[in-house]
Amino acid sequence: MSASAGFPGSWRPNSASSVALFEQLRLQVIHLADSGALAPGTRLPAVRALAEKLDVAPHTVARAYKELEAAGIVTTRGRNGTVVAARDERLGGLSAAAAAYAAVAKSQGASFAEAVKILAAAYDVP
């Protein structure tokens, strides 16, 4: 698919925020992908083009894209660009991690309730 005509729209990172610029961009893409505003398969702008539009360094956009890819939110297809991943693709890694966690919890004798409690405590840690 072609680059999303609406992305990033009027959104701009807030340079006065204590949140790093790459993190603001990363969170914005996650929000738009989760809300459906960026549909799976939507091609994001090239790093340099988006950096210019947002008036940030290319490294800022590259880092956000790299972290989004590591989280499974987007996939990078070389010259074909960076595209929003389908939700089932994004959750595949999480399912694998959950299976591994469950196996370790069982092997150590933890009950389901204990395993969930430990996971909930870890999830709430900033």
# chains A, B, ... in the order shown; residues from 1 in each chain; ligands from 1

call {"tool": "select_by_dssp", "arguments": {"residues": "chain A", "states": "strand (DSSP E)", "output": "JSON list (two decimals) with N, CA, C and O atoms, in the first residue's frame"}}
result
[["chain", "number", "residue", "atom", "x", "y", "z"],
["A", 43, "ARG", "N", 1.51, 1.83, 4.81],
["A", 43, "ARG", "CA", 2.93, 2.13, 4.71],
["A", 43, "ARG", "C", 3.20, 3.46, 5.40],
["A", 43, "ARG", "O", 2.55, 4.46, 5.11],
["A", 44, "LEU", "N", 4.17, 3.46, 6.32],
["A", 44, "LEU", "CA", 4.55, 4.68, 7.01],
["A", 44, "LEU", "C", 5.55, 5.44, 6.15],
["A", 44, "LEU", "O", 6.25, 4.86, 5.32],
["A", 74, "VAL", "N", 5.12, -2.75, 13.71],
["A", 74, "VAL", "CA", 5.37, -2.54, 12.28],
["A", 74, "VAL", "C", 6.36, -3.59, 11.79],
["A", 74, "VAL", "O", 7.05, -4.23, 12.59],
["A", 75, "THR", "N", 6.40, -3.76, 10.48],
["A", 75, "THR", "CA", 7.43, -4.59, 9.87],
["A", 75, "THR", "C", 8.13, -3.75, 8.81],
["A", 75, "THR", "O", 7.51, -2.90, 8.17],
["A", 76, "THR", "N", 9.42, -3.97, 8.68],
["A", 76, "THR", "CA", 10.19, -3.25, 7.68],
["A", 76, "THR", "C", 10.52, -4.21, 6.57],
["A", 76, "THR", "O", 11.03, -5.30, 6.82],
["A", 82, "THR", "N", 8.29, 0.64, 5.65],
["A", 82, "THR", "CA", 7.80, 0.19, 6.95],
["A", 82, "THR", "C", 6.28, 0.22, 6.92],
["A", 82, "THR", "O", 5.69, 1.24, 6.57],
["A", 83, "VAL", "N", 5.67, -0.90, 7.28],
["A", 83, "VAL", "CA", 4.21, -1.00, 7.24],
["A", 83, "VAL", "C", 3.67, -1.45, 8.60],
["A", 83, "VAL", "O", 4.35, -2.14, 9.36],
["A", 84, "VAL", "N", 2.45, -1.05, 8.87],
["A", 84, "VAL", "CA", 1.77, -1.44, 10.10],
["A", 84, "VAL", "C", 1.45, -2.94, 10.01],
["A", 84, "VAL", "O", 0.90, -3.41, 9.01]]

call {"tool": "residues_around", "arguments": {"residues": "A:Ala39", "least_positions_apart": "6", "cutoff": "9 Å", "atoms": "only C-alpha atoms", "output": "PyMOL selection string"}}
result
chain A and resi 32-33+84-86

call {"tool": "residues_around", "arguments": {"residues": "stretch 6-22 of chain A", "least_positions_apart": "4", "cutoff": "10 Å", "atoms": "only C-alpha atoms", "output": "PDB file with all heavy atoms, in the first residue's frame"}}
result
ATOM      1  N   ARG A  26       6.681   6.835  18.891  1.00  0.00           N
ATOM      2  CA  ARG A  26       6.372   5.410  19.065  1.00  0.00           C
ATOM      3  C   ARG A  26       4.981   5.241  19.660  1.00  0.00           C
ATOM      4  O   ARG A  26       4.167   4.457  19.159  1.00  0.00           O
ATOM      5  CB  ARG A  26       7.427   4.760  19.974  1.00  0.00           C
ATOM      6  CG  ARG A  26       7.302   3.252  20.113  1.00  0.00           C
ATOM      7  CD  ARG A  26       8.289   2.722  21.139  1.00  0.00           C
ATOM      8  NE  ARG A  26       7.852   3.024  22.491  1.00  0.00           N
ATOM      9  CZ  ARG A  26       6.946   2.314  23.168  1.00  0.00           C
ATOM     10  NH1 ARG A  26       6.369   1.252  22.622  1.00  0.00           N
ATOM     11  NH2 ARG A  26       6.599   2.650  24.385  1.00  0.00           N
ATOM     12  N   LEU A  27       4.676   5.994  20.697  1.00  0.00           N
ATOM     13  CA  LEU A  27       3.365   5.904  21.341  1.00  0.00           C
ATOM     14  C   LEU A  27       2.247   6.340  20.410  1.00  0.00           C
ATOM     15  O   LEU A  27       1.152   5.762  20.419  1.00  0.00           O
ATOM     16  CB  LEU A  27       3.350   6.725  22.630  1.00  0.00           C
ATOM     17  CG  LEU A  27       4.229   6.192  23.759  1.00  0.00           C
ATOM     18  CD1 LEU A  27       4.310   7.199  24.900  1.00  0.00           C
ATOM     19  CD2 LEU A  27       3.732   4.843  24.257  1.00  0.00           C
ATOM     20  N   GLN A  28       2.499   7.359  19.589  1.00  0.00           N
ATOM     21  CA  GLN A  28       1.489   7.832  18.639  1.00  0.00           C
ATOM     22  C   GLN A  28       1.171   6.752  17.605  1.00  0.00           C
ATOM     23  O   GLN A  28       0.005   6.512  17.283  1.00  0.00           O
ATOM     24  CB  GLN A  28       1.967   9.122  17.967  1.00  0.00           C
ATOM     25  CG  GLN A  28       0.992   9.686  16.952  1.00  0.00           C
ATOM     26  CD  GLN A  28      -0.306  10.205  17.550  1.00  0.00           C
ATOM     27  OE1 GLN A  28      -0.500  10.244  18.757  1.00  0.00           O
ATOM     28  NE2 GLN A  28      -1.210  10.616  16.693  1.00  0.00           N
ATOM     29  N   VAL A  29       2.185   6.094  17.082  1.00  0.00           N
ATOM     30  CA  VAL A  29       1.957   5.039  16.091  1.00  0.00           C
ATOM     31  C   VAL A  29       1.187   3.880  16.733  1.00  0.00           C
ATOM     32  O   VAL A  29       0.242   3.347  16.138  1.00  0.00           O
ATOM     33  CB  VAL A  29       3.281   4.558  15.462  1.00  0.00           C
ATOM     34  CG1 VAL A  29       3.057   3.323  14.595  1.00  0.00           C
ATOM     35  CG2 VAL A  29       3.908   5.684  14.640  1.00  0.00           C
ATOM     36  N   LEU A  32      -2.451   4.931  17.093  1.00  0.00           N
ATOM     37  CA  LEU A  32      -3.157   4.939  15.807  1.00  0.00           C
ATOM     38  C   LEU A  32      -3.383   3.525  15.276  1.00  0.00           C
ATOM     39  O   LEU A  32      -4.429   3.236  14.704  1.00  0.00           O
ATOM     40  CB  LEU A  32      -2.387   5.784  14.791  1.00  0.00           C
ATOM     41  CG  LEU A  32      -2.324   7.283  15.098  1.00  0.00           C
ATOM     42  CD1 LEU A  32      -1.399   7.991  14.119  1.00  0.00           C
ATOM     43  CD2 LEU A  32      -3.712   7.905  15.092  1.00  0.00           C
ATOM     44  N   ALA A  37      -6.860   3.684  13.133  1.00  0.00           N
ATOM     45  CA  ALA A  37      -6.593   4.837  12.273  1.00  0.00           C
ATOM     46  C   ALA A  37      -5.452   4.537  11.293  1.00  0.00           C
ATOM     47  O   ALA A  37      -5.421   5.080  10.193  1.00  0.00           O
ATOM     48  CB  ALA A  37      -6.274   6.068  13.108  1.00  0.00           C
ATOM     49  N   LEU A  38      -4.525   3.690  11.706  1.00  0.00           N
ATOM     50  CA  LEU A  38      -3.491   3.172  10.804  1.00  0.00           C
ATOM     51  C   LEU A  38      -3.793   1.687  10.621  1.00  0.00           C
ATOM     52  O   LEU A  38      -3.517   0.873  11.495  1.00  0.00           O
ATOM     53  CB  LEU A  38      -2.086   3.356  11.393  1.00  0.00           C
ATOM     54  CG  LEU A  38      -1.475   4.747  11.324  1.00  0.00           C
ATOM     55  CD1 LEU A  38      -0.118   4.775  12.040  1.00  0.00           C
ATOM     56  CD2 LEU A  38      -1.323   5.212   9.883  1.00  0.00           C
ATOM     57  N   THR A  42      -0.723  -0.424   6.156  1.00  0.00           N
ATOM     58  CA  THR A  42      -0.470   0.985   5.849  1.00  0.00           C
ATOM     59  C   THR A  42       1.030   1.241   5.866  1.00  0.00           C
ATOM     60  O   THR A  42       1.710   0.902   6.836  1.00  0.00           O
ATOM     61  CB  THR A  42      -1.157   1.913   6.871  1.00  0.00           C
ATOM     62  OG1 THR A  42      -2.555   1.674   6.846  1.00  0.00           O
ATOM     63  CG2 THR A  42      -0.870   3.373   6.560  1.00  0.00           C
ATOM     64  N   ARG A  43       1.510   1.826   4.805  1.00  0.00           N
ATOM     65  CA  ARG A  43       2.931   2.132   4.712  1.00  0.00           C
ATOM     66  C   ARG A  43       3.205   3.460   5.401  1.00  0.00           C
ATOM     67  O   ARG A  43       2.551   4.464   5.114  1.00  0.00           O
ATOM     68  CB  ARG A  43       3.361   2.198   3.255  1.00  0.00           C
ATOM     69  CG  ARG A  43       4.837   2.387   3.083  1.00  0.00           C
ATOM     70  CD  ARG A  43       5.213   2.281   1.623  1.00  0.00           C
ATOM     71  NE  ARG A  43       6.598   2.667   1.464  1.00  0.00           N
ATOM     72  CZ  ARG A  43       7.122   3.090   0.341  1.00  0.00           C
ATOM     73  NH1 ARG A  43       6.375   3.169  -0.746  1.00  0.00           N
ATOM     74  NH2 ARG A  43       8.378   3.429   0.282  1.00  0.00           N
ATOM     75  N   LEU A  44       4.167   3.455   6.325  1.00  0.00           N
ATOM     76  CA  LEU A  44       4.554   4.680   7.012  1.00  0.00           C
ATOM     77  C   LEU A  44       5.552   5.445   6.154  1.00  0.00           C
ATOM     78  O   LEU A  44       6.247   4.856   5.325  1.00  0.00           O
ATOM     79  CB  LEU A  44       5.180   4.345   8.369  1.00  0.00           C
ATOM     80  CG  LEU A  44       4.264   3.619   9.364  1.00  0.00           C
ATOM     81  CD1 LEU A  44       5.010   3.352  10.669  1.00  0.00           C
ATOM     82  CD2 LEU A  44       3.005   4.412   9.628  1.00  0.00           C
ATOM     83  N   PRO A  45       5.642   6.749   6.349  1.00  0.00           N
ATOM     84  CA  PRO A  45       6.599   7.543   5.575  1.00  0.00           C
ATOM     85  C   PRO A  45       8.037   7.076   5.821  1.00  0.00           C
ATOM     86  O   PRO A  45       8.353   6.539   6.891  1.00  0.00           O
ATOM     87  CB  PRO A  45       6.403   8.965   6.112  1.00  0.00           C
ATOM     88  CG  PRO A  45       5.047   8.967   6.730  1.00  0.00           C
ATOM     89  CD  PRO A  45       4.835   7.582   7.246  1.00  0.00           C
ATOM     90  N   LEU A  50       9.695  11.617   7.122  1.00  0.00           N
ATOM     91  CA  LEU A  50       8.944  11.880   8.349  1.00  0.00           C
ATOM     92  C   LEU A  50       9.738  12.785   9.280  1.00  0.00           C
ATOM     93  O   LEU A  50       9.169  13.687   9.907  1.00  0.00           O
ATOM     94  CB  LEU A  50       8.577  10.569   9.053  1.00  0.00           C
ATOM     95  CG  LEU A  50       7.689  10.710  10.292  1.00  0.00           C
ATOM     96  CD1 LEU A  50       6.395  11.452   9.972  1.00  0.00           C
ATOM     97  CD2 LEU A  50       7.387   9.345  10.886  1.00  0.00           C
ATOM     98  N   LYS A  53       9.251  16.259   8.060  1.00  0.00           N
ATOM     99  CA  LYS A  53       7.892  16.746   8.319  1.00  0.00           C
ATOM    100  C   LYS A  53       7.690  17.087   9.797  1.00  0.00           C
ATOM    101  O   LYS A  53       7.026  18.054  10.133  1.00  0.00           O
ATOM    102  CB  LYS A  53       6.877  15.701   7.873  1.00  0.00           C
ATOM    103  CG  LYS A  53       5.451  16.176   7.964  1.00  0.00           C
ATOM    104  CD  LYS A  53       4.512  15.259   7.235  1.00  0.00           C
ATOM    105  CE  LYS A  53       3.157  15.946   7.155  1.00  0.00           C
ATOM    106  NZ  LYS A  53       2.286  15.348   6.188  1.00  0.00           N
ATOM    107  N   LEU A  54       8.291  16.274  10.689  1.00  0.00           N
ATOM    108  CA  LEU A  54       8.136  16.485  12.129  1.00  0.00           C
ATOM    109  C   LEU A  54       9.187  17.434  12.700  1.00  0.00           C
ATOM    110  O   LEU A  54       9.141  17.767  13.887  1.00  0.00           O
ATOM    111  CB  LEU A  54       8.202  15.147  12.874  1.00  0.00           C
ATOM    112  CG  LEU A  54       7.093  14.145  12.576  1.00  0.00           C
ATOM    113  CD1 LEU A  54       7.344  12.854  13.335  1.00  0.00           C
ATOM    114  CD2 LEU A  54       5.729  14.725  12.899  1.00  0.00           C
ATOM    115  N   ASP A  55      10.152  17.820  11.862  1.00  0.00           N
ATOM    116  CA  ASP A  55      11.241  18.698  12.283  1.00  0.00           C
ATOM    117  C   ASP A  55      12.043  18.082  13.432  1.00  0.00           C
ATOM    118  O   ASP A  55      12.292  18.715  14.459  1.00  0.00           O
ATOM    119  CB  ASP A  55      10.715  20.086  12.664  1.00  0.00           C
ATOM    120  CG  ASP A  55      11.834  21.120  12.731  1.00  0.00           C
ATOM    121  OD1 ASP A  55      12.862  20.937  12.047  1.00  0.00           O
ATOM    122  OD2 ASP A  55      11.681  22.110  13.483  1.00  0.00           O
ATOM    123  N   VAL A  56      12.408  16.805  13.245  1.00  0.00           N
ATOM    124  CA  VAL A  56      13.251  16.098  14.201  1.00  0.00           C
ATOM    125  C   VAL A  56      14.399  15.448  13.428  1.00  0.00           C
ATOM    126  O   VAL A  56      14.360  15.368  12.200  1.00  0.00           O
ATOM    127  CB  VAL A  56      12.467  15.002  14.985  1.00  0.00           C
ATOM    128  CG1 VAL A  56      11.347  15.631  15.812  1.00  0.00           C
ATOM    129  CG2 VAL A  56      11.915  13.934  14.062  1.00  0.00           C
ATOM    130  N   ALA A  57      15.384  14.975  14.143  1.00  0.00           N
ATOM    131  CA  ALA A  57      16.515  14.309  13.509  1.00  0.00           C
ATOM    132  C   ALA A  57      16.072  12.954  12.943  1.00  0.00           C
ATOM    133  O   ALA A  57      15.225  12.279  13.541  1.00  0.00           O
ATOM    134  CB  ALA A  57      17.635  14.101  14.521  1.00  0.00           C
ATOM    135  N   HIS A  59      17.526  10.224  13.105  1.00  0.00           N
ATOM    136  CA  HIS A  59      17.793   9.197  14.118  1.00  0.00           C
ATOM    137  C   HIS A  59      16.595   9.011  15.053  1.00  0.00           C
ATOM    138  O   HIS A  59      16.309   7.899  15.497  1.00  0.00           O
ATOM    139  CB  HIS A  59      19.046   9.562  14.930  1.00  0.00           C
ATOM    140  CG  HIS A  59      19.305   8.631  16.066  1.00  0.00           C
ATOM    141  ND1 HIS A  59      19.815   7.373  15.880  1.00  0.00           N
ATOM    142  CD2 HIS A  59      19.080   8.769  17.392  1.00  0.00           C
ATOM    143  CE1 HIS A  59      19.905   6.773  17.064  1.00  0.00           C
ATOM    144  NE2 HIS A  59      19.467   7.604  17.990  1.00  0.00           N
ATOM    145  N   THR A  60      15.879  10.100  15.336  1.00  0.00           N
ATOM    146  CA  THR A  60      14.702  10.036  16.210  1.00  0.00           C
ATOM    147  C   THR A  60      13.639   9.128  15.600  1.00  0.00           C
ATOM    148  O   THR A  60      13.092   8.253  16.275  1.00  0.00           O
ATOM    149  CB  THR A  60      14.129  11.455  16.428  1.00  0.00           C
ATOM    150  OG1 THR A  60      15.134  12.254  17.055  1.00  0.00           O
ATOM    151  CG2 THR A  60      12.881  11.431  17.284  1.00  0.00           C
ATOM    152  N   VAL A  61      13.359   9.318  14.313  1.00  0.00           N
ATOM    153  CA  VAL A  61      12.361   8.500  13.626  1.00  0.00           C
ATOM    154  C   VAL A  61      12.864   7.070  13.491  1.00  0.00           C
ATOM    155  O   VAL A  61      12.124   6.115  13.727  1.00  0.00           O
ATOM    156  CB  VAL A  61      12.015   9.101  12.250  1.00  0.00           C
ATOM    157  CG1 VAL A  61      11.056   8.192  11.483  1.00  0.00           C
ATOM    158  CG2 VAL A  61      11.411  10.494  12.418  1.00  0.00           C
ATOM    159  N   ALA A  62      14.140   6.916  13.136  1.00  0.00           N
ATOM    160  CA  ALA A  62      14.713   5.577  12.971  1.00  0.00           C
ATOM    161  C   ALA A  62      14.620   4.785  14.270  1.00  0.00           C
ATOM    162  O   ALA A  62      14.284   3.595  14.258  1.00  0.00           O
ATOM    163  CB  ALA A  62      16.155   5.671  12.497  1.00  0.00           C
ATOM    164  N   ARG A  63      14.892   5.429  15.392  1.00  0.00           N
ATOM    165  CA  ARG A  63      14.816   4.727  16.679  1.00  0.00           C
ATOM    166  C   ARG A  63      13.380   4.320  16.992  1.00  0.00           C
ATOM    167  O   ARG A  63      13.121   3.207  17.453  1.00  0.00           O
ATOM    168  CB  ARG A  63      15.382   5.581  17.798  1.00  0.00           C
ATOM    169  CG  ARG A  63      15.338   4.854  19.129  1.00  0.00           C
ATOM    170  CD  ARG A  63      16.170   5.482  20.184  1.00  0.00           C
ATOM    171  NE  ARG A  63      16.018   4.737  21.431  1.00  0.00           N
ATOM    172  CZ  ARG A  63      16.453   5.167  22.590  1.00  0.00           C
ATOM    173  NH1 ARG A  63      17.106   6.305  22.679  1.00  0.00           N
ATOM    174  NH2 ARG A  63      16.250   4.450  23.689  1.00  0.00           N
ATOM    175  N   ALA A  64      12.432   5.224  16.742  1.00  0.00           N
ATOM    176  CA  ALA A  64      11.021   4.885  16.980  1.00  0.00           C
ATOM    177  C   ALA A  64      10.609   3.701  16.113  1.00  0.00           C
ATOM    178  O   ALA A  64       9.988   2.751  16.602  1.00  0.00           O
ATOM    179  CB  ALA A  64      10.133   6.094  16.699  1.00  0.00           C
ATOM    180  N   TYR A  65      10.970   3.736  14.825  1.00  0.00           N
ATOM    181  CA  TYR A  65      10.628   2.636  13.918  1.00  0.00           C
ATOM    182  C   TYR A  65      11.276   1.329  14.374  1.00  0.00           C
ATOM    183  O   TYR A  65      10.654   0.274  14.343  1.00  0.00           O
ATOM    184  CB  TYR A  65      11.058   2.963  12.488  1.00  0.00           C
ATOM    185  CG  TYR A  65      10.136   3.867  11.704  1.00  0.00           C
ATOM    186  CD1 TYR A  65       9.100   4.585  12.298  1.00  0.00           C
ATOM    187  CD2 TYR A  65      10.304   4.021  10.335  1.00  0.00           C
ATOM    188  CE1 TYR A  65       8.261   5.405  11.554  1.00  0.00           C
ATOM    189  CE2 TYR A  65       9.469   4.840   9.583  1.00  0.00           C
ATOM    190  CZ  TYR A  65       8.455   5.529  10.197  1.00  0.00           C
ATOM    191  OH  TYR A  65       7.635   6.336   9.450  1.00  0.00           O
ATOM    192  N   GLU A  67      12.142   0.424  17.420  1.00  0.00           N
ATOM    193  CA  GLU A  67      11.458  -0.088  18.606  1.00  0.00           C
ATOM    194  C   GLU A  67      10.056  -0.600  18.276  1.00  0.00           C
ATOM    195  O   GLU A  67       9.602  -1.584  18.851  1.00  0.00           O
ATOM    196  CB  GLU A  67      11.428   0.977  19.696  1.00  0.00           C
ATOM    197  CG  GLU A  67      12.836   1.250  20.205  1.00  0.00           C
ATOM    198  CD  GLU A  67      12.885   1.918  21.566  1.00  0.00           C
ATOM    199  OE1 GLU A  67      11.851   2.004  22.250  1.00  0.00           O
ATOM    200  OE2 GLU A  67      13.998   2.330  21.936  1.00  0.00           O
TER     201      GLU A  67
END

call {"tool": "residues_around", "arguments": {"residues": "stretch 115-120 of chain A", "least_positions_apart": "5", "cutoff": "9 Å", "atoms": "only C-alpha atoms", "output": "list in words"}}
result
Tyr101, Ala102, Ala105, Lys106, Ala110 and Val125 of chain A

call {"tool": "atom_distance", "arguments": {"atom1": "atom CA of A:Glu114", "atom2": "atom CA of A:Ala98"}}
result
14.5 Å
